[in-house]
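Undergrad: Sending over a structure as structure tokens; questions will come in a sec.
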Amino acid sequence: MHFLNSAGDFANKSASTVLAPLVCSAILAVLFMLAPDGAMRQVFATAGVVCLLAALGLAAWNGICRLFFKRTLRNMARLVEHDVLPCIITGTDGVIREANRIAAKSLQARRGQCLRDVVGAQVADASGLIHRVETAASVDGIGTEKVVLPDRHLHLSAHQVGAGALLWRLEMFLAQDDPAAQGRVQYPALTLGRGGTVLWMNGPARALAGGRIRTIKDLITDPPLRPGQTHRVRTDGAAQDFTVNVHPAGMGREELVFVPSNQSDTDADPDMGFETLPVPLLKVTPEGEIAKANRSARDLLHADAENDRCLADLMEGLGRSLPDWLSDAAAGKGLGRSEFLRLTRPEREVFVQVTLTRVVEKGEVLLVAVLNDATELKSLEAQFVQSQKMQAIGQLAGGVAHDFNNLLTAISGHCDLLLLRHDQGDPEYGDLVQIHQNANRAAALVGQLLAFSRKQTLRPERLELRDILSDLTHLLNRLVGEKVALELRQTPSLPPIRADKRQLEQVIMNLVVNARDAMRKGGTILIETDQRVLDKPMTHGRARVPTGAYVVVRVQDEGIGIAVDKLEKVFEPFYTTKRTGEGTGLGLSTVYGIVKQTGGFIFVDSTPDKGSVFTLMFPVCDEPEQTVALAPEPVRTAPPRFGDGVVLLVEDEAPVRAFASRALAHRGFQVIEAGTAEDALELLEDPDLKIDIFVTDVVMPGLDGPSWVRQARQTRPDVPVVFMSGYAEDVFKSQGARIEDSAFLAKPFSLVELTAIVNQQMAAAPHVCDAVAVQ
């Protein structure tokens, strides 16, 4: 065969091979005639003779190779002459060199004819088919492809015969005469093209479907097609179950064979390996009875193989009737879609993900349920939902608090203005004091809302918790009353923490008051401290505490405790278990917000009728204690006089703006008002307008306070500013409002606080001091 390949190659290249020496001989003959002396002519003559002899030798060898190649093709033609299949030998140009008797008779193939014409009489795309098979033969030595025609099948194959020829074999037969089907039951079979289009159906398939169909969806009731699995098939009569075997047929086509399920199940034991599989599996009837459960499923469900036979007794929480769900699955509806159910296990909450698959065993429809422990997934989902809910409540509380702060600023501010015009002897003086006190109480409630939403202003500092609790004990003893005893246990040495002292005291007081109210018959409240170092993250419920060193505070009572279903709600605002009028529902929500804003964690553990324990964990402050050197008092030529200066007041809330304007004017300031930032910038376009200080709200429609102040500072860089806001100072700073020579005033504020901070900012401004000195 190797010699045949070489001979074929040489025969194909013979013209160029013989032509090269002849050209050389001609060139040497010309050089011989042009040579100047006899020696050169002798050399050219010798070389010319050699090239001429080489050309004659190559021509002789070419003739021998051609003769051998032709003789080989004739021998191969004799070999396949009496083959029962049409056989054709072609060159690489596709022209027929030889054709056996059956090819000449059935295909009218003859020498000199193009193979494309012979194959084109059988199939539509003959050129593409020949090219694919020829390419495969050139790579692997043999190429074959099966073509499904409307009334028969065609197998076309090509064998490499040397380098210059191919032996083609064409095999055609009707579908029922397919050799692969001889001796076997004729199952329904069809050929699918791309997109599920049915290209061909055998007789049993047409009988099954009641005629020709266009797509596979016209035949199966539970698409998409799942190779090797059971499908419900629409038949000419009632629906039947078939196992669908899929075989690739090339060019994106697939051949499908439909085997009745009762026959496909007889070849193997359906329960082979079922018991030992590491995946929890159940076999369930459409009525919900458990026909079989493997070992993994029994362990997950804590079920007994003999007694627990009903799925509804083991699972719940689907949201619909379990028998209805199973009946739909048995009818082929909703297969492949997972459902999450909760197990009826009393010791702990366990969720499972259940996926159903329909099978037929011995003519009976069963459902195979694949179980997956989804407890951790549902826990993470619940944790995410809880955090989203708390975040939404926090945003709502922060927004409500902001609006209330604006209202309280106007109420308490105008009350301050009225108190300036009334003496203590006036009949209305007591009423005004009551209005002022209740406005302050409302401001405290708003502060609790801001604490929960983590938007209150904190002043964190390095604190020694031992000293804080020791100083607070006297006040706590008065709070708990005579029936309740307060016990304090402190670790001898506690590292410092970083927190707001006033807010931390508020946290302890709220927890102690709650503990007192839970012990109506008296008892002991225990406050203890400890230090804990976590080498790995700690999980408590749905919270996760990272590694590090923590200072732990526990507040324990002997009260009535909290029910399990209410533990997750105790930190929500306005949620309380106390009777009407005994609490606002903001105590624990305030504690939660302060602890979270400080960077700590809070947990609650409770047993009904035995008491509750609230655990606080604060990160240890690793920053070294800093000693702040006292700065020398700046030298001023003359102190600013009370009430000197022009104030540009920018506030979008009209009642707040009215109070602030009257308060500043009452103290001698000249006030220019603006309702928006855009109005303020328009006023500042006048270069002759002298402004000594800006007093502006932070959150306004259009440009906010920091944005318009930055623009104004481009032309008036030395003007100090006071920012007012109903939000926390931390929120104000996080918005990028770090502006030099600025101060922050939290709403609600009083007349005295407003005028004091304006005077303070003006006193610190260099240009104001210089102006006063000139006066």
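By order in the structure tokens, chains are A, B, ...; within a chain, residues start at 1; ligands start at 1, following the order shown.
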Give me, as a list in words, all polymer residues having an atom no more than 10 Å from stretch 751-754 of chain A, counting only C-alpha atoms and skipping those fewer than 4 positions away in the same chain.
TA: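 My list of contacting residues is Thr409, Ser412, Gly413, His414, Cys415, Asp416, Leu417, Phe659, Ala660, Arg662, Ala663, Leu664, His666, Arg667, Val695, Val722, Met724, Leu745, Ala746, Val758 and Asn759 of chain A.
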Undergrad: If we count only C-alpha atoms, what is near stretch 431-443 of chain A at a cut-off of 12 Å, once residues fewer than 3 positions away on the same chain are taken out, given as a PyMOL selection string?
TA: chain A and resi 401-428+446-450+584+726+746-750
Undergrad: What's around stretch 228-232 of chain A at 12 Å? Count only C-alpha atoms, leave out sequence neighbours fewer than 6 positions away in its own chain, and write the answer as a count of residues only.
TA: 41
Undergrad: Using DSSP on the backbone, list every residue of stretch 184-390 of chain A that comes out as helix (DSSP H, G or I), and give them as a compact mmCIF listing (two decimals) with N, CA, C and O atoms, in the first residue's frame.
TA:
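Written out: out_14.txt:
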```txt
# COMPACT_ATOMS: atom_id res chain seq x y z
N ARG A 194 -32.61 20.19 13.43
CA ARG A 194 -32.40 21.28 14.38
C ARG A 194 -33.74 21.91 14.75
O ARG A 194 -34.63 22.07 13.92
N GLY A 195 -33.86 22.29 16.03
CA GLY A 195 -35.08 22.93 16.48
C GLY A 195 -36.21 21.97 16.77
O GLY A 195 -37.34 22.41 17.01
N GLY A 196 -35.93 20.65 16.77
CA GLY A 196 -36.97 19.68 17.08
C GLY A 196 -37.89 19.34 15.93
O GLY A 196 -38.95 18.73 16.14
N GLY A 203 -42.90 3.48 10.03
CA GLY A 203 -44.30 3.09 10.09
C GLY A 203 -44.85 3.04 11.51
O GLY A 203 -45.91 3.59 11.79
N PRO A 204 -44.18 2.33 12.44
CA PRO A 204 -44.69 2.31 13.82
C PRO A 204 -44.82 3.70 14.44
O PRO A 204 -45.74 3.94 15.23
N ALA A 205 -43.90 4.62 14.11
CA ALA A 205 -44.00 5.97 14.67
C ALA A 205 -45.22 6.69 14.14
O ALA A 205 -45.92 7.39 14.88
N ARG A 206 -45.50 6.53 12.83
CA ARG A 206 -46.69 7.17 12.26
C ARG A 206 -47.95 6.55 12.84
O ARG A 206 -48.94 7.25 13.07
N ALA A 207 -47.91 5.23 13.08
CA ALA A 207 -49.08 4.60 13.69
C ALA A 207 -49.28 5.07 15.13
O ALA A 207 -50.41 5.26 15.59
N LEU A 208 -48.16 5.29 15.84
CA LEU A 208 -48.24 5.76 17.23
C LEU A 208 -48.84 7.16 17.30
O LEU A 208 -49.69 7.45 18.15
N ALA A 209 -48.38 8.05 16.41
CA ALA A 209 -48.83 9.44 16.44
C ALA A 209 -50.13 9.66 15.70
O ALA A 209 -50.70 10.76 15.78
N ILE A 216 -41.37 17.52 17.64
CA ILE A 216 -41.42 16.51 18.70
C ILE A 216 -42.42 16.90 19.78
O ILE A 216 -42.99 16.04 20.46
N LYS A 217 -42.69 18.23 19.93
CA LYS A 217 -43.67 18.67 20.93
C LYS A 217 -45.08 18.22 20.58
O LYS A 217 -45.96 18.22 21.44
N ASP A 218 -45.31 17.86 19.29
CA ASP A 218 -46.62 17.34 18.91
C ASP A 218 -46.82 15.91 19.36
O ASP A 218 -47.95 15.39 19.28
N SER A 261 -42.33 1.63 28.16
CA SER A 261 -41.71 1.61 29.48
C SER A 261 -41.80 0.25 30.14
O SER A 261 -40.89 -0.18 30.84
N ASN A 262 -42.87 -0.47 29.91
CA ASN A 262 -42.99 -1.79 30.55
C ASN A 262 -41.98 -2.77 29.99
O ASN A 262 -41.65 -3.76 30.62
N GLN A 263 -41.46 -2.52 28.75
CA GLN A 263 -40.42 -3.38 28.21
C GLN A 263 -39.03 -2.92 28.62
O GLN A 263 -38.15 -3.71 28.82
N SER A 264 -38.86 -1.58 28.74
CA SER A 264 -37.53 -1.09 29.09
C SER A 264 -37.18 -1.41 30.51
O SER A 264 -36.02 -1.44 30.88
N ARG A 295 -31.51 4.54 52.39
CA ARG A 295 -30.96 4.80 53.72
C ARG A 295 -30.72 6.29 53.96
O ARG A 295 -31.00 6.83 55.03
N SER A 296 -30.19 6.99 52.95
CA SER A 296 -29.92 8.43 53.11
C SER A 296 -31.20 9.21 53.37
O SER A 296 -31.21 10.15 54.17
N ALA A 297 -32.29 8.85 52.70
CA ALA A 297 -33.56 9.55 52.90
C ALA A 297 -34.11 9.28 54.29
O ALA A 297 -34.63 10.20 54.95
N ARG A 298 -33.99 8.05 54.77
CA ARG A 298 -34.50 7.75 56.12
C ARG A 298 -33.72 8.50 57.18
O ARG A 298 -34.28 8.97 58.18
N ASP A 299 -32.40 8.64 56.98
CA ASP A 299 -31.60 9.39 57.95
C ASP A 299 -31.98 10.87 57.95
O ASP A 299 -32.05 11.50 59.02
N LEU A 300 -32.20 11.43 56.77
CA LEU A 300 -32.56 12.85 56.69
C LEU A 300 -33.93 13.12 57.30
O LEU A 300 -34.12 14.11 58.01
N LEU A 301 -34.88 12.23 57.02
CA LEU A 301 -36.25 12.44 57.48
C LEU A 301 -36.49 11.95 58.90
O LEU A 301 -37.55 12.23 59.47
N LEU A 311 -46.14 10.67 52.97
CA LEU A 311 -45.28 11.84 52.79
C LEU A 311 -45.83 13.05 53.54
O LEU A 311 -45.06 13.87 54.07
N ALA A 312 -47.15 13.20 53.62
CA ALA A 312 -47.75 14.36 54.29
C ALA A 312 -47.47 14.36 55.78
O ALA A 312 -47.52 15.42 56.41
N ASP A 313 -47.16 13.19 56.38
CA ASP A 313 -46.83 13.14 57.81
C ASP A 313 -45.40 13.56 58.08
O ASP A 313 -45.05 13.83 59.23
N LEU A 322 -50.41 18.57 49.29
CA LEU A 322 -49.39 17.65 48.80
C LEU A 322 -49.96 16.64 47.80
O LEU A 322 -49.34 16.40 46.76
N PRO A 323 -51.12 16.04 48.05
CA PRO A 323 -51.67 15.11 47.04
C PRO A 323 -51.92 15.78 45.69
O PRO A 323 -51.69 15.17 44.64
N ASP A 324 -52.36 17.06 45.69
CA ASP A 324 -52.56 17.75 44.41
C ASP A 324 -51.24 17.94 43.69
O ASP A 324 -51.15 17.79 42.46
N TRP A 325 -50.21 18.30 44.43
CA TRP A 325 -48.87 18.49 43.84
C TRP A 325 -48.37 17.19 43.22
O TRP A 325 -47.85 17.16 42.10
N LEU A 326 -48.55 16.08 43.96
CA LEU A 326 -48.08 14.79 43.47
C LEU A 326 -48.90 14.31 42.27
O LEU A 326 -48.36 13.71 41.32
N SER A 327 -50.21 14.59 42.28
CA SER A 327 -51.04 14.19 41.15
C SER A 327 -50.64 14.92 39.87
O SER A 327 -50.58 14.34 38.79
N ASP A 328 -50.34 16.23 40.01
CA ASP A 328 -49.89 16.98 38.83
C ASP A 328 -48.57 16.43 38.31
O ASP A 328 -48.36 16.32 37.10
N ALA A 329 -47.66 16.08 39.22
CA ALA A 329 -46.37 15.53 38.80
C ALA A 329 -46.56 14.18 38.12
O ALA A 329 -45.88 13.87 37.13
N ALA A 330 -47.49 13.37 38.62
CA ALA A 330 -47.74 12.07 37.99
C ALA A 330 -48.31 12.23 36.59
O ALA A 330 -48.10 11.37 35.72
N THR A 375 -31.52 23.40 54.75
CA THR A 375 -31.66 24.15 55.99
C THR A 375 -30.75 25.37 56.00
O THR A 375 -31.16 26.49 56.36
N GLU A 376 -29.48 25.18 55.62
CA GLU A 376 -28.55 26.31 55.63
C GLU A 376 -28.96 27.36 54.61
O GLU A 376 -28.87 28.57 54.88
N LEU A 377 -29.42 26.92 53.44
CA LEU A 377 -29.87 27.86 52.42
C LEU A 377 -31.05 28.69 52.92
O LEU A 377 -31.08 29.92 52.76
N LYS A 378 -32.04 28.04 53.53
CA LYS A 378 -33.20 28.77 54.04
C LYS A 378 -32.82 29.68 55.20
O LYS A 378 -33.39 30.75 55.37
N SER A 379 -31.83 29.25 56.00
CA SER A 379 -31.37 30.10 57.09
C SER A 379 -30.72 31.37 56.55
O SER A 379 -30.98 32.48 57.04
N LEU A 380 -29.88 31.22 55.52
CA LEU A 380 -29.27 32.40 54.90
C LEU A 380 -30.33 33.28 54.26
O LEU A 380 -30.25 34.52 54.32
N GLU A 381 -31.33 32.65 53.65
CA GLU A 381 -32.40 33.43 53.03
C GLU A 381 -33.18 34.21 54.09
O GLU A 381 -33.47 35.40 53.91
N ALA A 382 -33.50 33.55 55.22
CA ALA A 382 -34.22 34.24 56.28
C ALA A 382 -33.38 35.36 56.88
O ALA A 382 -33.88 36.43 57.23
N GLN A 383 -32.08 35.10 57.02
CA GLN A 383 -31.18 36.14 57.54
C GLN A 383 -31.14 37.34 56.60
O GLN A 383 -31.16 38.50 57.05
N PHE A 384 -31.10 37.08 55.31
CA PHE A 384 -31.07 38.17 54.34
C PHE A 384 -32.39 38.95 54.38
O PHE A 384 -32.39 40.19 54.36
N VAL A 385 -33.52 38.23 54.45
CA VAL A 385 -34.82 38.90 54.51
C VAL A 385 -34.92 39.75 55.78
O VAL A 385 -35.41 40.89 55.75
N GLN A 386 -34.44 39.19 56.91
CA GLN A 386 -34.49 39.95 58.17
C GLN A 386 -33.63 41.20 58.08
O GLN A 386 -34.04 42.29 58.52
N SER A 387 -32.42 41.09 57.51
CA SER A 387 -31.55 42.26 57.40
C SER A 387 -32.17 43.30 56.47
O SER A 387 -32.09 44.51 56.73
N GLN A 388 -32.80 42.83 55.37
CA GLN A 388 -33.46 43.77 54.47
C GLN A 388 -34.62 44.47 55.16
O GLN A 388 -34.84 45.67 54.97
N LYS A 389 -35.36 43.71 55.98
CA LYS A 389 -36.49 44.30 56.68
C LYS A 389 -36.01 45.34 57.70
O LYS A 389 -36.56 46.44 57.78
N MET A 390 -34.97 44.98 58.45
CA MET A 390 -34.44 45.92 59.43
C MET A 390 -33.87 47.16 58.74
O MET A 390 -34.00 48.29 59.23
```
Undergrad: Please measure the separation of atom CA of A:Ala680 and atom CA of A:Gln711, giving the value in Å to one decimal.
TA: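 Interatomic distance, atom CA of A:Ala680 to atom CA of A:Gln711: 10.7 Å.
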Undergrad: With only C-alpha atoms as the atoms that count, which of A:Thr598, A:Thr547, A:Ser589, A:Ser127 lies nearest to A:Asp500?
TA: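 Ranked by minimum distance to A:Asp500, first place goes to A:Thr598.
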Undergrad: Please return, as a PyMOL selection string, all residues of stretch 450-543 of chain A that DSSP assigns to strand (DSSP E or B) on the basis of the backbone.
TA: chain A and resi 461-463+484-489+497-499+523-534+538-540+543
Undergrad: Residues of the last selection are to be written out with C-alpha atoms, as an mmCIF file, in the first residue's frame.
TA:
```
data_model
loop_
_atom_site.group_PDB
_atom_site.id
_atom_site.type_symbol
_atom_site.label_atom_id
_atom_site.label_comp_id
_atom_site.auth_asym_id
_atom_site.auth_seq_id
_atom_site.Cartn_x
_atom_site.Cartn_y
_atom_site.Cartn_z
ATOM 1 C CA GLU A 461 -13.998 57.959 72.653
ATOM 2 C CA ARG A 462 -11.696 55.530 74.429
ATOM 3 C CA LEU A 463 -13.611 54.206 77.471
ATOM 4 C CA VAL A 484 -35.284 43.962 92.545
ATOM 5 C CA ALA A 485 -31.642 43.504 93.515
ATOM 6 C CA LEU A 486 -28.821 44.601 91.248
ATOM 7 C CA GLU A 487 -25.577 42.619 91.233
ATOM 8 C CA LEU A 488 -22.424 43.699 89.378
ATOM 9 C CA ARG A 489 -19.626 41.225 88.615
ATOM 10 C CA ILE A 497 -13.359 49.979 74.073
ATOM 11 C CA ARG A 498 -14.298 52.815 71.763
ATOM 12 C CA ALA A 499 -17.855 54.099 72.153
ATOM 13 C CA GLY A 523 -35.624 39.027 91.659
ATOM 14 C CA THR A 524 -31.999 39.738 90.821
ATOM 15 C CA ILE A 525 -30.519 41.479 87.829
ATOM 16 C CA LEU A 526 -26.952 40.376 87.131
ATOM 17 C CA ILE A 527 -24.559 42.561 85.142
ATOM 18 C CA GLU A 528 -21.258 40.866 84.445
ATOM 19 C CA THR A 529 -18.295 41.683 82.226
ATOM 20 C CA ASP A 530 -15.778 39.449 80.564
ATOM 21 C CA GLN A 531 -13.088 39.410 77.904
ATOM 22 C CA ARG A 532 -13.223 36.996 74.990
ATOM 23 C CA VAL A 533 -10.831 36.310 72.117
ATOM 24 C CA LEU A 534 -12.244 34.571 69.031
ATOM 25 C CA MET A 538 -18.534 32.744 65.963
ATOM 26 C CA THR A 539 -22.070 32.086 64.778
ATOM 27 C CA HIS A 540 -24.960 32.938 67.068
ATOM 28 C CA ALA A 543 -25.384 36.567 63.214
#
```
Undergrad: As an exercise, work out the distance from atom CA of A:Gly112 to atom CA of A:Val148 in Å and give it to one decimal place.
TA: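 Atom-to-atom, atom CA of A:Gly112 and atom CA of A:Val148 are spaced 28.5 Å apart.
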Undergrad: Got a sec: who's within 12 Å of A:Cys87, counting only C-alpha atoms, leaving out chain neighbours fewer than 5 positions off, as number ranges by chain?
TA: A: 76-82, 96-110, 115, 118, 156-159, 166-171
Undergrad: Write out, as a compact mmCIF listing (two decimals), in the first residue's frame, the residues just selected, with N, CA and C atoms.
TA:
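As a result, result-v3.txt now contains:
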```txt
# COMPACT_ATOMS: atom_id res chain seq x y z
N MET A 76 -8.38 -3.61 -8.48
CA MET A 76 -9.37 -3.28 -7.46
C MET A 76 -10.77 -3.27 -8.06
N ALA A 77 -10.86 -2.84 -9.32
CA ALA A 77 -12.17 -2.86 -9.98
C ALA A 77 -12.65 -4.29 -10.16
N ARG A 78 -11.74 -5.21 -10.53
CA ARG A 78 -12.12 -6.62 -10.64
C ARG A 78 -12.57 -7.16 -9.27
N LEU A 79 -11.88 -6.69 -8.18
CA LEU A 79 -12.21 -7.18 -6.84
C LEU A 79 -13.63 -6.81 -6.44
N VAL A 80 -14.09 -5.60 -6.80
CA VAL A 80 -15.42 -5.15 -6.37
C VAL A 80 -16.46 -5.30 -7.48
N GLU A 81 -16.03 -5.92 -8.62
CA GLU A 81 -16.95 -6.03 -9.75
C GLU A 81 -18.22 -6.75 -9.38
N HIS A 82 -18.10 -7.81 -8.58
CA HIS A 82 -19.27 -8.62 -8.22
C HIS A 82 -19.76 -8.33 -6.82
N ILE A 96 -15.20 9.57 -12.53
CA ILE A 96 -15.26 8.13 -12.33
C ILE A 96 -14.24 7.45 -13.22
N ARG A 97 -13.36 6.63 -12.60
CA ARG A 97 -12.39 5.83 -13.34
C ARG A 97 -12.94 4.42 -13.61
N GLU A 98 -13.55 3.83 -12.57
CA GLU A 98 -14.11 2.48 -12.69
C GLU A 98 -15.44 2.44 -11.94
N ALA A 99 -16.36 1.57 -12.37
CA ALA A 99 -17.64 1.35 -11.67
C ALA A 99 -18.00 -0.11 -11.83
N ASN A 100 -18.44 -0.75 -10.76
CA ASN A 100 -18.78 -2.16 -10.85
C ASN A 100 -20.14 -2.35 -11.52
N ARG A 101 -20.52 -3.60 -11.65
CA ARG A 101 -21.70 -3.93 -12.43
C ARG A 101 -22.98 -3.38 -11.80
N ILE A 102 -23.11 -3.54 -10.48
CA ILE A 102 -24.34 -3.08 -9.82
C ILE A 102 -24.46 -1.55 -9.86
N ALA A 103 -23.28 -0.85 -9.82
CA ALA A 103 -23.31 0.61 -9.92
C ALA A 103 -23.75 1.05 -11.31
N ALA A 104 -23.25 0.36 -12.31
CA ALA A 104 -23.64 0.70 -13.68
C ALA A 104 -25.12 0.41 -13.93
N LYS A 105 -25.63 -0.65 -13.27
CA LYS A 105 -27.01 -1.04 -13.51
C LYS A 105 -28.00 -0.18 -12.72
N SER A 106 -27.72 0.01 -11.43
CA SER A 106 -28.70 0.71 -10.59
C SER A 106 -28.53 2.22 -10.60
N LEU A 107 -27.28 2.69 -10.80
CA LEU A 107 -27.03 4.13 -10.73
C LEU A 107 -26.66 4.72 -12.09
N GLN A 108 -26.54 3.85 -13.12
CA GLN A 108 -26.13 4.30 -14.45
C GLN A 108 -24.78 5.02 -14.40
N ALA A 109 -23.88 4.52 -13.57
CA ALA A 109 -22.55 5.11 -13.47
C ALA A 109 -21.67 4.57 -14.59
N ARG A 110 -20.85 5.44 -15.20
CA ARG A 110 -19.95 5.02 -16.28
C ARG A 110 -18.67 5.84 -16.19
N LEU A 115 -18.88 12.02 -10.31
CA LEU A 115 -19.55 11.35 -9.19
C LEU A 115 -20.70 12.21 -8.65
N VAL A 118 -23.96 11.30 -10.19
CA VAL A 118 -24.52 10.01 -9.77
C VAL A 118 -25.18 10.15 -8.41
N LEU A 156 -23.25 6.39 2.52
CA LEU A 156 -22.19 6.70 1.55
C LEU A 156 -20.86 6.63 2.28
N SER A 157 -19.93 5.81 1.74
CA SER A 157 -18.61 5.68 2.37
C SER A 157 -17.53 5.80 1.30
N ALA A 158 -16.33 6.26 1.70
CA ALA A 158 -15.19 6.42 0.78
C ALA A 158 -13.95 5.88 1.45
N HIS A 159 -13.16 5.08 0.69
CA HIS A 159 -11.90 4.52 1.18
C HIS A 159 -10.76 5.10 0.36
N LEU A 166 -10.13 7.24 -4.89
CA LEU A 166 -11.03 6.92 -3.79
C LEU A 166 -11.99 5.83 -4.24
N LEU A 167 -12.25 4.87 -3.35
CA LEU A 167 -13.23 3.82 -3.61
C LEU A 167 -14.51 4.20 -2.87
N TRP A 168 -15.60 4.42 -3.59
CA TRP A 168 -16.88 4.83 -3.02
C TRP A 168 -17.84 3.65 -3.00
N ARG A 169 -18.57 3.54 -1.90
CA ARG A 169 -19.59 2.50 -1.76
C ARG A 169 -20.91 3.18 -1.39
N LEU A 170 -21.96 2.87 -2.10
CA LEU A 170 -23.28 3.44 -1.86
C LEU A 170 -24.23 2.32 -1.47
N GLU A 171 -24.83 2.48 -0.27
CA GLU A 171 -25.75 1.45 0.24
C GLU A 171 -27.10 2.11 0.48
```
Undergrad: Near A:Val139, within 12 Å and counting only C-alpha atoms, which residues show up once chain neighbours fewer than 3 positions away are dropped, as a PyMOL selection string?
TA: chain A and resi 132-136+142-143+158-160+163
Undergrad: Write the residues of the preceding selection, restricted to C-alpha atoms, as a PDB file, in the first residue's frame.
TA:
```
ATOM      1  CA  ARG A 132     -17.668  15.892   3.888  1.00  0.00           C
ATOM      2  CA  VAL A 133     -17.057  12.193   3.232  1.00  0.00           C
ATOM      3  CA  GLU A 134     -13.956  12.884   1.082  1.00  0.00           C
ATOM      4  CA  THR A 135     -12.493  15.166   3.767  1.00  0.00           C
ATOM      5  CA  ALA A 136     -12.997  12.491   6.424  1.00  0.00           C
ATOM      6  CA  ILE A 142     -12.145   6.183   5.499  1.00  0.00           C
ATOM      7  CA  GLY A 143     -15.191   8.439   5.659  1.00  0.00           C
ATOM      8  CA  ALA A 158     -15.190   6.421   0.780  1.00  0.00           C
ATOM      9  CA  HIS A 159     -11.904   4.517   1.182  1.00  0.00           C
ATOM     10  CA  GLN A 160      -8.526   6.045   0.339  1.00  0.00           C
ATOM     11  CA  ALA A 163      -2.955   9.295  -3.059  1.00  0.00           C
TER      12      ALA A 163
END
```
Undergrad: Of the residues A:Cys310, A:Ala369, A:Ile602, A:Val354, which is the one nearest to A:Val553, using only C-alpha atoms?
TA: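 Closest to A:Val553, using only C-alpha atoms: A:Ile602.
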Undergrad: Rounded to one decimal, what separation in Å do you get between atom CA of A:Leu356 and atom CA of A:Val368?
TA: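 Separating atom CA of A:Leu356 from atom CA of A:Val368 is a distance of 5.6 Å.
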Undergrad: Near A:Val721, counting only C-alpha atoms, which residues have an atom at most 9 Å away, once you skip same-chain residues fewer than 2 positions from it, shown as a list in words?
TA: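 My list of contacting residues is Ile693, Phe694, Val695, Thr696, Val709, Val719, Phe723, Ile739, Glu740, Asp741, Ser742, Ala743, Phe744, Val758, Gln761 and Met762 of chain A.
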